[in-house]
Each structure stands twice: as C-alpha cells, then as structure tokens.
$ cat data-v4.tsv   # TSV, C-alpha atoms and all ligand atoms
chain	number	residue	atom	x	y	z
O	11	MET	CA	112.88	29.03	160.77
O	12	ILE	CA	116.44	28.77	162.08
O	13	ILE	CA	118.85	31.62	161.48
O	14	THR	CA	122.55	30.85	161.73
O	15	LYS	CA	125.52	33.11	162.43
O	16	GLU	CA	126.97	32.07	159.06
O	17	GLN	CA	123.84	33.35	157.27
O	18	VAL	CA	124.10	36.69	159.05
O	19	LEU	CA	127.81	37.06	158.29
O	20	SER	CA	127.29	36.10	154.69
O	21	ALA	CA	124.54	38.76	154.40
O	22	LEU	CA	126.83	41.35	155.97
O	23	ARG	CA	129.53	40.51	153.44
O	24	ASN	CA	127.29	42.39	151.02
O	25	VAL	CA	127.67	45.63	152.96
O	26	GLU	CA	130.71	47.55	151.79
O	27	ASP	CA	132.22	50.51	153.62
O	28	PRO	CA	132.22	53.08	150.80
O	29	ASP	CA	135.47	54.67	152.03
O	30	LEU	CA	137.43	51.58	152.89
O	31	LYS	CA	136.15	49.71	149.82
O	32	LYS	CA	135.81	46.38	151.60
O	33	ASP	CA	132.90	44.61	153.23
O	34	LEU	CA	132.27	44.94	156.97
O	35	VAL	CA	133.09	41.31	157.74
O	36	THR	CA	136.44	41.43	155.94
O	37	LEU	CA	137.18	44.69	157.76
O	38	HIS	CA	136.51	42.91	161.12
O	39	MET	CA	133.90	45.51	161.95
O	40	ILE	CA	131.27	42.96	163.07
O	41	LYS	CA	131.84	41.89	166.67
O	42	ASP	CA	130.02	39.83	169.34
O	43	LEU	CA	127.45	38.36	166.96
O	44	GLU	CA	124.67	36.48	168.76
O	45	VAL	CA	121.73	34.75	167.11
O	46	GLU	CA	118.76	33.31	169.01
O	47	ASP	CA	115.68	32.34	167.00
O	48	LYS	CA	114.74	35.50	165.09
O	49	ASN	CA	116.84	37.74	167.31
O	50	ILE	CA	120.14	38.92	165.92
O	51	ARG	CA	122.46	41.06	167.97
O	52	PHE	CA	125.93	42.38	167.12
O	53	THR	CA	128.29	45.28	167.54
O	54	LEU	CA	129.34	47.36	164.56
O	55	GLU	CA	132.82	48.60	165.37
O	56	LEU	CA	133.63	51.71	163.34
O	57	THR	CA	137.11	53.10	162.74
O	58	THR	CA	136.20	56.43	164.36
O	59	PRO	CA	133.49	57.69	166.71
O	60	ALA	CA	133.22	60.70	164.37
O	61	CYS	CA	132.20	58.48	161.44
O	62	PRO	CA	129.88	60.50	159.18
O	63	MET	CA	128.37	57.28	157.79
O	64	LYS	CA	127.24	55.72	161.08
O	65	ASP	CA	123.53	55.75	160.23
O	66	MET	CA	124.02	54.78	156.61
O	67	LEU	CA	126.10	51.71	157.57
O	68	LYS	CA	123.64	50.69	160.27
O	69	ASN	CA	120.73	50.87	157.82
O	70	ALA	CA	122.70	48.97	155.19
O	71	CYS	CA	123.30	46.16	157.74
O	72	LEU	CA	119.60	46.04	158.62
O	73	ASN	CA	118.59	45.93	154.96
O	74	ALA	CA	121.12	43.23	154.10
O	75	ILE	CA	119.87	40.99	156.91
O	76	LYS	CA	116.21	41.55	156.00
O	77	TYR	CA	116.93	40.90	152.31
O	78	PHE	CA	119.38	37.99	152.46
O	79	VAL	CA	118.37	36.29	155.72
O	80	SER	CA	114.76	36.95	156.72
O	81	GLN	CA	112.22	39.75	156.69
O	82	GLU	CA	111.21	38.61	160.15
O	83	ALA	CA	114.60	38.97	161.75
O	84	LEU	CA	114.70	41.27	164.78
O	85	VAL	CA	118.02	43.03	164.62
O	86	GLU	CA	119.78	44.98	167.36
O	87	ILE	CA	122.96	46.78	166.37
O	88	ASN	CA	125.21	48.38	168.94
O	89	ILE	CA	127.64	50.92	167.48
O	90	THR	CA	131.10	51.40	168.96
O	91	SER	CA	134.43	52.48	167.57
O	92	ARG	CA	138.09	51.71	167.82
O	93	VAL	CA	140.22	54.31	166.10
O	94	THR	CA	142.77	52.85	163.70
O	95	LYS	CA	146.38	53.96	163.49
O	96	PRO	CA	148.78	54.17	160.55
O	97	MET	CA	150.36	50.85	159.61
O	98	ASP	CA	153.89	51.73	158.67
O	99	THR	CA	154.90	54.10	161.44
O	100	THR	CA	156.18	53.59	164.92
O	101	GLN	CA	153.64	54.99	167.30
O	102	LEU	CA	154.70	57.84	169.53
O	103	ASN	CA	153.85	56.66	173.04
O	104	ASN	CA	150.16	55.76	172.97
O	105	ILE	CA	149.16	58.34	170.39
O	106	LYS	CA	147.40	56.74	167.44
O	107	ASN	CA	147.11	59.59	164.95
O	108	ILE	CA	148.97	62.89	164.88
O	109	ILE	CA	147.14	65.41	162.68
O	110	LEU	CA	148.84	68.65	161.65
O	111	VAL	CA	146.74	71.76	161.03
O	112	SER	CA	148.69	74.04	158.75
O	113	SER	CA	148.30	77.17	156.68
O	114	GLY	CA	150.57	78.93	154.23
O	115	LYS	CA	149.63	82.30	155.63
O	116	GLY	CA	149.03	83.74	159.10
O	117	GLY	CA	145.65	84.86	160.37
O	118	VAL	CA	143.52	82.59	158.18
O	119	GLY	CA	141.95	80.84	161.17
O	120	LYS	CA	144.27	77.87	161.61
O	121	SER	CA	144.07	77.94	165.43
O	122	THR	CA	140.31	78.43	165.27
O	123	VAL	CA	139.99	75.38	163.04
O	124	ALA	CA	142.44	73.28	165.10
O	125	SER	CA	140.66	74.08	168.40
O	126	ASN	CA	137.14	73.55	167.09
O	127	LEU	CA	138.10	70.32	165.31
O	128	ALA	CA	139.61	69.02	168.54
O	129	ILE	CA	136.43	69.90	170.45
O	130	ALA	CA	134.20	68.28	167.82
O	131	LEU	CA	136.26	65.05	167.90
O	132	ALA	CA	136.20	64.97	171.71
O	133	LYS	CA	132.42	65.56	171.69
O	134	ASP	CA	132.08	62.46	169.51
O	135	GLY	CA	133.91	60.50	172.18
O	136	ALA	CA	137.41	60.37	170.65
O	137	LYS	CA	140.36	60.65	173.02
O	138	THR	CA	141.78	63.93	171.78
O	139	GLY	CA	144.81	66.08	172.47
O	140	LEU	CA	145.88	69.46	171.11
O	141	ILE	CA	149.41	70.84	170.82
O	142	ASP	CA	149.79	74.52	170.08
O	143	ALA	CA	153.15	74.66	168.32
O	144	ASP	CA	152.69	78.18	166.99
O	145	ILE	CA	155.88	79.83	168.24
O	146	TYR	CA	154.92	83.22	166.80
O	147	GLY	CA	151.59	83.59	168.53
O	148	PRO	CA	150.33	80.66	170.58
O	149	SER	CA	146.57	81.21	170.78
O	150	VAL	CA	145.35	78.03	172.47
O	151	PRO	CA	145.70	79.56	176.00
O	152	THR	CA	143.31	82.35	174.97
O	153	MET	CA	140.96	80.12	172.99
O	154	PHE	CA	140.56	77.76	175.95
O	155	GLY	CA	140.48	80.43	178.67
O	156	LEU	CA	143.83	79.28	180.08
O	157	VAL	CA	145.94	82.40	179.77
O	158	SER	CA	147.59	82.10	183.18
O	159	ALA	CA	147.55	78.30	183.37
O	160	LYS	CA	150.81	76.49	184.07
O	161	PRO	CA	151.01	72.72	183.54
O	162	SER	CA	152.40	70.67	186.39
O	163	ALA	CA	154.76	67.74	186.03
O	164	ARG	CA	155.20	64.28	187.46
O	165	GLU	CA	158.18	62.05	187.97
O	166	THR	CA	158.15	58.56	186.46
O	167	ALA	CA	159.49	55.46	188.21
O	168	ASP	CA	162.71	55.72	186.16
O	169	GLY	CA	163.29	59.32	187.20
O	170	LYS	CA	162.03	61.08	184.08
O	171	THR	CA	159.97	64.25	184.44
O	172	LEU	CA	156.79	64.35	182.37
O	173	ILE	CA	154.70	67.47	181.75
O	174	LEU	CA	151.01	66.93	182.51
O	175	PRO	CA	148.83	68.37	179.73
O	176	ILE	CA	146.02	70.60	181.00
O	177	GLU	CA	142.56	69.11	180.46
O	178	LYS	CA	139.70	71.33	179.34
O	179	TYR	CA	136.47	70.54	177.49
O	180	GLY	CA	137.53	66.87	177.34
O	181	ILE	CA	140.79	67.68	175.52
O	182	LYS	CA	144.37	67.35	176.74
O	183	LEU	CA	146.20	70.57	175.88
O	184	LEU	CA	149.75	71.82	175.72
O	185	SER	CA	150.83	75.14	174.28
O	186	LEU	CA	154.18	76.85	174.03
O	187	GLY	CA	152.21	79.77	175.46
O	188	PHE	CA	151.90	77.97	178.83
O	189	PHE	CA	155.66	78.30	179.29
O	190	ALA	CA	156.03	81.98	178.46
O	191	ASP	CA	154.82	85.27	179.91
O	192	PRO	CA	151.76	86.18	177.81
O	193	ASP	CA	152.87	89.84	177.68
O	194	GLN	CA	156.47	89.17	176.67
O	195	PRO	CA	157.35	88.14	173.12
O	196	VAL	CA	159.63	85.09	173.11
O	197	PRO	CA	162.49	85.54	170.66
O	198	TRP	CA	162.80	81.84	169.79
O	199	ARG	CA	165.96	80.87	167.96
O	200	GLY	CA	165.46	78.01	165.49
O	201	PRO	CA	166.98	75.10	167.46
O	202	MET	CA	165.53	76.36	170.74
O	203	ALA	CA	162.00	76.46	169.32
O	204	SER	CA	162.40	73.05	167.72
O	205	ASN	CA	163.58	71.51	170.99
O	206	ALA	CA	160.74	73.11	172.92
O	207	VAL	CA	158.19	71.74	170.45
O	208	LYS	CA	159.76	68.26	170.54
O	209	GLN	CA	159.41	68.28	174.33
O	210	LEU	CA	155.67	68.88	174.01
O	211	PHE	CA	155.46	65.54	172.18
O	212	ASN	CA	158.12	63.47	173.91
O	213	ASP	CA	158.16	64.69	177.48
O	214	ALA	CA	154.44	64.94	178.18
O	215	ASP	CA	152.13	62.42	179.77
O	216	TRP	CA	149.54	62.22	176.98
O	217	GLY	CA	148.13	58.85	178.04
O	218	GLU	CA	146.19	57.15	175.26
O	219	LEU	CA	145.03	59.38	172.43
O	220	ASP	CA	143.05	58.60	169.27
O	221	TYR	CA	143.91	61.97	167.74
O	222	LEU	CA	146.55	64.53	168.61
O	223	ILE	CA	145.88	67.76	166.70
O	224	VAL	CA	148.87	70.03	166.18
O	225	ASP	CA	148.37	73.73	165.49
O	226	LEU	CA	151.48	74.63	163.46
O	227	PRO	CA	152.93	78.09	162.95
O	228	PRO	CA	151.94	79.65	159.60
O	229	GLY	CA	154.18	79.07	156.58
O	230	THR	CA	156.85	76.46	156.09
O	231	GLY	CA	159.67	76.74	158.58
O	232	ASP	CA	161.92	74.95	161.06
O	233	ILE	CA	159.03	73.74	163.21
O	234	HIS	CA	157.40	72.05	160.24
O	235	ILE	CA	160.61	70.27	159.33
O	236	THR	CA	161.27	69.25	162.93
O	237	ILE	CA	157.81	67.85	163.50
O	238	THR	CA	157.46	66.08	160.16
O	239	GLN	CA	160.89	64.49	160.51
O	240	SER	CA	160.72	63.58	164.18
O	241	PHE	CA	157.25	62.11	164.58
O	242	PRO	CA	154.96	59.68	162.76
O	243	ILE	CA	152.33	61.98	161.24
O	244	ALA	CA	149.00	60.56	160.08
O	245	GLY	CA	148.19	63.54	157.87
O	246	ALA	CA	147.86	67.30	157.46
O	247	VAL	CA	144.79	69.50	157.20
O	248	ILE	CA	145.36	72.68	155.22
O	249	VAL	CA	143.45	75.84	156.14
O	250	THR	CA	143.06	78.72	153.71
O	251	THR	CA	140.82	81.71	153.13
O	252	PRO	CA	139.39	82.45	149.67
O	253	GLN	CA	141.61	85.48	148.84
O	254	GLN	CA	144.18	84.99	146.09
O	255	VAL	CA	147.06	86.02	148.40
O	256	ALA	CA	146.11	83.36	150.91
O	257	LEU	CA	145.62	80.74	148.22
O	258	ALA	CA	149.04	81.46	146.70
O	259	ASP	CA	150.74	80.91	150.08
O	260	THR	CA	148.60	77.88	150.82
O	261	ARG	CA	149.69	76.32	147.53
O	262	LYS	CA	153.32	76.46	148.78
O	263	GLY	CA	152.34	75.10	152.20
O	264	LEU	CA	150.47	72.21	150.64
O	265	ALA	CA	153.24	71.43	148.16
O	266	MET	CA	155.68	71.14	151.07
O	267	PHE	CA	153.78	68.16	152.53
O	268	GLN	CA	153.85	66.43	149.16
O	269	MET	CA	157.63	66.88	148.66
O	270	PRO	CA	159.27	63.43	148.45
O	271	SER	CA	161.51	64.23	151.44
O	272	ILE	CA	158.48	65.05	153.62
O	273	ASN	CA	155.70	62.98	152.08
O	274	ILE	CA	152.89	63.49	154.58
O	275	PRO	CA	149.35	62.62	153.42
O	276	VAL	CA	147.26	65.75	152.94
O	277	LEU	CA	143.88	64.89	154.47
O	278	GLY	CA	142.25	67.84	152.75
O	279	VAL	CA	141.69	71.58	152.46
O	280	ILE	CA	139.33	73.59	154.67
O	281	GLU	CA	138.30	77.03	153.46
O	282	ASN	CA	137.68	79.43	156.34
O	283	MET	CA	135.85	82.77	156.12
O	284	SER	CA	134.29	81.55	152.88
O	285	TYR	CA	131.12	83.61	152.96
O	286	PHE	CA	129.14	86.00	155.06
O	287	THR	CA	125.53	85.43	156.08
O	288	PRO	CA	123.70	88.39	157.66
O	289	ALA	CA	121.74	87.36	160.76
O	290	GLU	CA	118.53	88.79	159.29
O	291	LEU	CA	118.95	86.82	156.01
O	292	PRO	CA	120.16	83.38	157.16
O	293	GLU	CA	119.54	81.81	153.75
O	294	ASN	CA	121.83	84.24	151.92
O	295	LYS	CA	125.50	83.55	151.40
O	296	TYR	CA	127.74	86.40	150.22
O	297	TYR	CA	131.09	85.17	148.93
O	298	ILE	CA	132.79	88.47	149.58
O	299	PHE	CA	136.38	87.22	149.10
O	300	GLY	CA	135.69	85.09	146.01
O	301	LYS	CA	134.15	81.68	145.56
O	302	ASP	CA	135.52	78.12	145.27
O	303	GLY	CA	139.22	79.04	145.58
O	304	GLY	CA	139.78	76.36	148.23
O	305	LYS	CA	137.94	73.78	146.15
O	306	ALA	CA	140.04	74.60	143.08
O	307	LEU	CA	143.24	74.36	145.12
O	308	ALA	CA	142.24	70.94	146.48
O	309	SER	CA	141.46	69.71	143.01
O	310	THR	CA	144.79	71.00	141.60
O	311	PHE	CA	146.67	68.96	144.20
O	312	ASN	CA	144.26	66.05	143.97
O	313	VAL	CA	143.38	66.13	147.65
O	314	PRO	CA	139.90	66.21	149.25
O	315	PHE	CA	138.08	69.48	149.81
O	316	LEU	CA	136.69	69.12	153.32
O	317	GLY	CA	134.36	72.11	153.52
O	318	GLU	CA	133.69	75.81	154.01
O	319	ILE	CA	133.35	77.78	157.26
O	320	PRO	CA	131.45	81.07	157.12
O	321	ILE	CA	132.62	84.34	158.66
O	322	VAL	CA	130.57	84.67	161.79
O	323	GLN	CA	131.12	87.07	164.64
O	324	SER	CA	130.44	84.37	167.24
O	325	ILE	CA	133.43	82.32	165.96
O	326	GLY	CA	135.76	85.19	166.82
O	327	GLU	CA	133.95	85.92	170.10
O	328	GLY	CA	134.03	82.24	171.13
O	329	GLY	CA	137.79	82.13	170.56
O	330	ASP	CA	138.43	85.38	172.43
O	331	SER	CA	136.29	84.39	175.41
O	332	GLY	CA	137.83	80.93	175.92
O	333	THR	CA	134.76	79.01	174.73
O	334	PRO	CA	135.22	77.90	171.12
O	335	ILE	CA	132.00	77.87	169.12
O	336	ALA	CA	131.97	74.07	168.63
O	337	LEU	CA	131.04	73.81	172.34
O	338	ASN	CA	127.75	75.54	171.70
O	339	ALA	CA	125.36	72.78	170.60
O	340	GLU	CA	122.70	75.38	169.69
O	341	SER	CA	124.91	77.14	167.15
O	342	PRO	CA	124.70	75.88	163.55
O	343	LEU	CA	128.48	76.33	163.49
O	344	SER	CA	128.87	73.47	165.91
O	345	ALA	CA	127.31	71.25	163.19
O	346	VAL	CA	129.75	72.74	160.64
O	347	PHE	CA	132.72	71.73	162.81
O	348	ALA	CA	131.17	68.32	163.63
O	349	GLU	CA	130.91	67.65	159.90
O	350	LEU	CA	134.48	68.79	159.25
O	351	ALA	CA	135.77	66.65	162.13
O	352	GLY	CA	133.88	63.67	160.69
O	353	LYS	CA	135.52	64.22	157.32
O	354	VAL	CA	139.00	64.54	158.82
O	355	ALA	CA	138.47	61.34	160.85
O	356	GLN	CA	137.11	59.64	157.73
O	357	GLN	CA	140.25	60.56	155.76
O	358	ILE	CA	142.41	59.18	158.59
O	359	SER	CA	140.47	55.90	158.50
O	360	ILE	CA	140.98	55.73	154.74
O	361	GLN	CA	144.74	56.32	155.14
O	362	ASN	CA	144.89	53.64	157.82
O	363	VAL	CA	143.07	50.97	155.82
O	364	GLY	CA	144.78	47.65	156.16
O	365	ALA	CA	146.35	48.68	159.41
O	366	VAL	CA	145.81	46.65	162.53
O	367	ASN	CA	142.65	47.90	164.18
O	368	CYS	CA	143.85	48.53	167.70
F	401	LIG	N1	135.19	81.97	160.41
F	401	LIG	C1	135.51	83.01	161.19
F	401	LIG	N2	134.61	84.01	161.42
F	401	LIG	C2	134.95	85.06	162.20
F	401	LIG	N3	136.13	85.22	162.80
F	401	LIG	C3	137.07	84.26	162.60
F	401	LIG	C4	136.81	83.11	161.80
F	401	LIG	N4	137.90	82.32	161.79
F	401	LIG	C5	138.83	82.95	162.55
F	401	LIG	N5	138.33	84.12	163.05
F	401	LIG	C6	139.05	85.11	163.88
F	401	LIG	O1	140.18	85.55	163.11
F	401	LIG	C7	141.32	85.75	163.95
F	401	LIG	C8	142.47	84.86	163.45
F	401	LIG	O2	142.12	83.50	163.67
F	401	LIG	P1	143.18	82.43	164.18
F	401	LIG	O3	143.94	82.94	165.35
F	401	LIG	O4	142.46	81.16	164.33
F	401	LIG	O5	144.11	82.41	162.90
F	401	LIG	P2	145.54	81.74	162.71
F	401	LIG	O6	145.63	81.38	161.29
F	401	LIG	O7	145.76	80.67	163.69
F	401	LIG	O8	146.46	82.95	163.05
F	401	LIG	P3	148.04	82.94	163.38
F	401	LIG	O9	148.70	83.05	162.08
F	401	LIG	O10	148.20	84.17	164.22
F	401	LIG	O11	148.36	81.69	164.11
F	401	LIG	C9	140.87	85.40	165.36
F	401	LIG	O12	140.49	86.57	166.01
F	401	LIG	C10	139.66	84.50	165.14
F	401	LIG	O13	138.75	84.55	166.21
$ encode --input "data-v4.tsv" --output "structure tokens"
Amino acid sequence: MIITKEQVLSALRNVEDPDLKKDLVTLHMIKDLEVEDKNIRFTLELTTPACPMKDMLKNACLNAIKYFVSQEALVEINITSRVTKPMDTTQLNNIKNIILVSSGKGGVGKSTVASNLAIALAKDGAKTGLIDADIYGPSVPTMFGLVSAKPSARETADGKTLILPIEKYGIKLLSLGFFADPDQPVPWRGPMASNAVKQLFNDADWGELDYLIVDLPPGTGDIHITITQSFPIAGAVIVTTPQQVALADTRKGLAMFQMPSINIPVLGVIENMSYFTPAELPENKYYIFGKDGGKALASTFNVPFLGEIPIVQSIGEGGDSGTPIALNAESPLSAVFAELAGKVAQQISIQNVGAVNC
C-alpha cells in the first residue's frame, strides 16, 4: 500500500485545535512532512512551548492518520513551538508578547504570580523576560536573590547605551529596584517614574523574547497609563485574593483594561491565597477567605478564570529566599504554576490567531 503526503495532510485536516478553532493544516502547524512506505514523520509546531494540549493534539494526529489513512502507518511526531505575536501591533524590538500582571489592591501576591509564571514559562522553553515596574515596592530583586545586583550596560554601534538585563533561572530580569538603594524609599514623582519604567522597555538589550512579563504596581495609576499607551501589550493577567475588599478593587483594575481608551485584552483572572491545606490533611481545602469570588468576577467581566493558588508557607519562603517555588519540581505548587502558565500562553495564542506565525 502506498501512502501519499496528500492523504496524510487530508487526514490531519480533520484535527482541529480546540482553542484556535481551525484545523492544524490550515494553521500551518504541520511542518517537514515525510512519507516513506508506511513511515510517516512530521513536526507539529505549536504556538507556545507551554501548550497545555500538547499530548491531546499529538494523540488526535495519530488517531486521524490511523483512521483516515491506514491502521498500519508508523507515525513519528516531533513537537516544537514557535510563539505567535499579536497581528495589529508594532513589535517592540524583538519582544513578541508583553503580558501585564496587575492587581487592584496591594499585597495580593501579584509579584509572586508574575515571578512564578515567568519561571514556569522559561522551564517550558519559552524565551522569557520579567520587568518589575512596581515603583512602590519592587520585589523582584528579593524574589530572585538579587538584592545587591546592578545591571551593566553596553554601547551599540550607533552610540546608544543599552542596559543589560540580569539573567537568572533562565529569565532576563530588570527591576526598578536594581537602580535604587534597597534601604532608601524612592520618592518617585509621576513623570520621573514613568520615564524610568519606559527606559526598562526601550533602553534595554532584551534580545529575542517570546514573553515579557510585567509586574505592575497595584491599583490604576500613572505607570499603567504610561505602559498601556506606550507599548504594544498582548494582554493582562489580573490577580486577586478571595476577600470582598480585594475583589472590589480588582473589579476597578479589570474595568480599566476594558475601557475603550485602553482596550487591552484581559487574559484572565488568577485567584491567589484561595484556600488553605494543612500539611497533615493534604486532601482538605479550607476556603478561609470565601469561595469562588475570583471565578464570579471573571464571569461578570466575561473573561477566563485561569485558576486558584493555595496559601502555602513555602510560597512565601521561596519568595523571601530568592528561589520562587515554581523552581522546585518536587513541590505540587510547581505544577500549579505550570498549569497557570500554560493557560496564560494558551490565551495569548488565542488572541494572536490569524497573526503571522513568526
Ligand atoms: N499563595 C501564597 N501563599 C503564601 N504566601 C504568599 C502567597 N502568595 C503571596 N504570598 C506572600 O505574600 C506576600 C505578598 O506577596 P507579593 O509581594 O507577591 O504581593 P504583591 O501583590 O506583589 O504586593 P505589592 O502590592 O507589595 O506589590 C509575600 O510575602 C509573599 O511571599
């Protein structure tokens, strides 16, 4: 029996990406197809290395070939990824997707979420950067064990000075905290802070990035306006805790992104400190601050609910000791952050559908 490339492609036209709502051939996700007797080999190019549906799509391809082409086919699928970028925005340097992590209220775990998401994306193989734009209390230096680090700079051929982000745990990092004395509060005036934050984007040598995560200050202030109006933003992730006070502030924060003058896609809501699980009763979840507030908020604004993060001592300890919990493969929390990162990346891919995949 002779198998042709056309038969294989026509079988794969039956496999639809459930998020992107098109088949894999139309989405140009099938690459380097080779057919030799019963042997079929191709690359499945996903839109993110953090794709939560990797295995499902691979199995669907196998099944489609067995069903529509031949039960005897021997199929080898190599999975790679090329992160997509938004279609209708000018890219900033070589940065494909800028993702804002925002919260209406301080202290809800925004920096914890931003740092652990960045680590989870980098662990999946995505080229990831993190900007700590929290002028009130930059926490990235502490969370990454870089309290006394100072970035160096390099001169370009045309005489421009570029800051070199510090690399740690596979992530390129810049924080306003790197430029200030950790023991001295910096009384930023509005325009000064905005200019400093802009420099972190424009005057840094980021190289190529799939995702640049930005840890915003809490609330809705000058920095938010500056960043959303100056740079092409792929989307915002909203962090809240379950308490009513936090939810009320988060509602305002979320509404800001949906204002016509700002109009930034909200990729979804993450609820932090959702429940407490005692170490001796790992199956029990105590929703001590109330249940499903984040979910209800997401549904009110018609945006995805991305997931819950429990209150766990090791999350706080990881942040304080410069080793965020997502680095610890043994901790179940690393799986929680991997899943959240997958969902964020998935939402980005959905936003970017139809964009040129490069
Ligand atoms: N799920 C969690 N379980 C336990 N501790 C947590 C959790 N999430 C965050 N924390 C701790 O809560 C404190 C506040 O977290 P974080 O600094 O991430 O909040 P934030 O919203 O960025 O705060 P800020 O408004 O100061 O920027 C930190 O000490 C952090 O380690």
$ atom_distance --input "data-v4.tsv" --atom1 "atom CA of Asp215 of chain O" --atom2 "atom CA of Ala336 of chain O"
25.8 Å
$ atom_distance --input "data-v4.tsv" --atom1 "atom CA of Ile105 of chain O" --atom2 "atom CA of Ile272 of chain O"
20.3 Å
$ axis_aligned_box --input "data-v4.tsv" --around "ligand LIG 401 (chain F)" --padding-each-side "5 Å" --output "lines of an AutoDock Vina configuration file"
center_x = 141.7
center_y = 83.6
center_z = 163.3
size_x = 24.1
size_y = 15.9
size_z = 15.8
$ residues_around --input "data-v4.tsv" --residues "segment 184-193 of chain O" --least-positions-apart "6" --cutoff "9 Å" --atoms "only C-alpha atoms" --output "PDB file with C-alpha atoms, in the coordinates of the input"
ATOM      1  CA  GLY O 139     144.810  66.080 172.470  1.00  0.00           C
ATOM      2  CA  LEU O 140     145.880  69.460 171.110  1.00  0.00           C
ATOM      3  CA  ILE O 141     149.410  70.840 170.820  1.00  0.00           C
ATOM      4  CA  ASP O 142     149.790  74.520 170.080  1.00  0.00           C
ATOM      5  CA  ALA O 143     153.150  74.660 168.320  1.00  0.00           C
ATOM      6  CA  ASP O 144     152.690  78.180 166.990  1.00  0.00           C
ATOM      7  CA  ILE O 145     155.880  79.830 168.240  1.00  0.00           C
ATOM      8  CA  GLY O 147     151.590  83.590 168.530  1.00  0.00           C
ATOM      9  CA  PRO O 148     150.330  80.660 170.580  1.00  0.00           C
ATOM     10  CA  SER O 149     146.570  81.210 170.780  1.00  0.00           C
ATOM     11  CA  VAL O 150     145.350  78.030 172.470  1.00  0.00           C
ATOM     12  CA  PRO O 151     145.700  79.560 176.000  1.00  0.00           C
ATOM     13  CA  LEU O 156     143.830  79.280 180.080  1.00  0.00           C
ATOM     14  CA  VAL O 157     145.940  82.400 179.770  1.00  0.00           C
ATOM     15  CA  SER O 158     147.590  82.100 183.180  1.00  0.00           C
ATOM     16  CA  ALA O 159     147.550  78.300 183.370  1.00  0.00           C
ATOM     17  CA  LYS O 160     150.810  76.490 184.070  1.00  0.00           C
ATOM     18  CA  PRO O 161     151.010  72.720 183.540  1.00  0.00           C
ATOM     19  CA  ILE O 173     154.700  67.470 181.750  1.00  0.00           C
ATOM     20  CA  LEU O 174     151.010  66.930 182.510  1.00  0.00           C
ATOM     21  CA  PRO O 175     148.830  68.370 179.730  1.00  0.00           C
ATOM     22  CA  ILE O 176     146.020  70.600 181.000  1.00  0.00           C
ATOM     23  CA  ALA O 206     160.740  73.110 172.920  1.00  0.00           C
ATOM     24  CA  VAL O 207     158.190  71.740 170.450  1.00  0.00           C
ATOM     25  CA  LEU O 210     155.670  68.880 174.010  1.00  0.00           C
ATOM     26  CA  ALA O 214     154.440  64.940 178.180  1.00  0.00           C
TER      27      ALA O 214
END
$ residues_near_ligand --input "data-v4.tsv" --ligand "ligand LIG 401 (chain F)" --cutoff "8 Å" --atoms "all atoms listed in the file" --output "PyMOL selection string"
chain O and resi 113+115-124+144+146-149+225-228+249+282-284+319-330
$ atom_distance --input "data-v4.tsv" --atom1 "atom CA of Thr53 of chain O" --atom2 "atom CA of Lys106 of chain O"
22.3 Å
$ closest_residue --input "data-v4.tsv" --among "O:Thr36, O:Asn205, O:Ser80, O:Thr14" --to "Asp232 of chain O" --atoms "all atoms listed in the file"
O:Asn205
$ closest_residue --input "data-v4.tsv" --among "O:Ser341, O:Asn294, O:Ser271, O:Asn73" --to "Gln239 of chain O" --atoms "all atoms listed in the file"
O:Ser271
$ closest_residue --input "data-v4.tsv" --among "O:Ala83, O:Leu30, O:Ala246, O:Ala70" --to "Ile50 of chain O" --atoms "all atoms listed in the file"
O:Ala83
$ residues_around --input "data-v4.tsv" --residues "Pro252 of chain O" --least-positions-apart "6" --cutoff "7 Å" --atoms "only C-alpha atoms" --output "PDB file with C-alpha atoms, in the frame of the given file"
ATOM      1  CA  GLU O 281     138.300  77.030 153.460  1.00  0.00           C
ATOM      2  CA  SER O 284     134.290  81.550 152.880  1.00  0.00           C
ATOM      3  CA  PHE O 299     136.380  87.220 149.100  1.00  0.00           C
ATOM      4  CA  GLY O 300     135.690  85.090 146.010  1.00  0.00           C
ATOM      5  CA  LYS O 301     134.150  81.680 145.560  1.00  0.00           C
ATOM      6  CA  GLY O 303     139.220  79.040 145.580  1.00  0.00           C
ATOM      7  CA  GLY O 304     139.780  76.360 148.230  1.00  0.00           C
TER       8      GLY O 304
END
$ residues_near_point --input "data-v4.tsv" --point "(149.0, 62.1, 159.7)" --cutoff "6 Å" --atoms "all atoms listed in the file" --output "PDB file with C-alpha atoms, keeping the file's coordinate frame"
ATOM      1  CA  ILE O 108     148.970  62.890 164.880  1.00  0.00           C
ATOM      2  CA  ILE O 109     147.140  65.410 162.680  1.00  0.00           C
ATOM      3  CA  ILE O 243     152.330  61.980 161.240  1.00  0.00           C
ATOM      4  CA  ALA O 244     149.000  60.560 160.080  1.00  0.00           C
ATOM      5  CA  GLY O 245     148.190  63.540 157.870  1.00  0.00           C
ATOM      6  CA  ALA O 246     147.860  67.300 157.460  1.00  0.00           C
TER       7      ALA O 246
END
$ residues_around --input "data-v4.tsv" --residues "Asn312 of chain O" --least-positions-apart "5" --cutoff "12 Å" --atoms "only C-alpha atoms" --output "PyMOL selection string"
chain O and resi 264-265+268+275-279+305-307
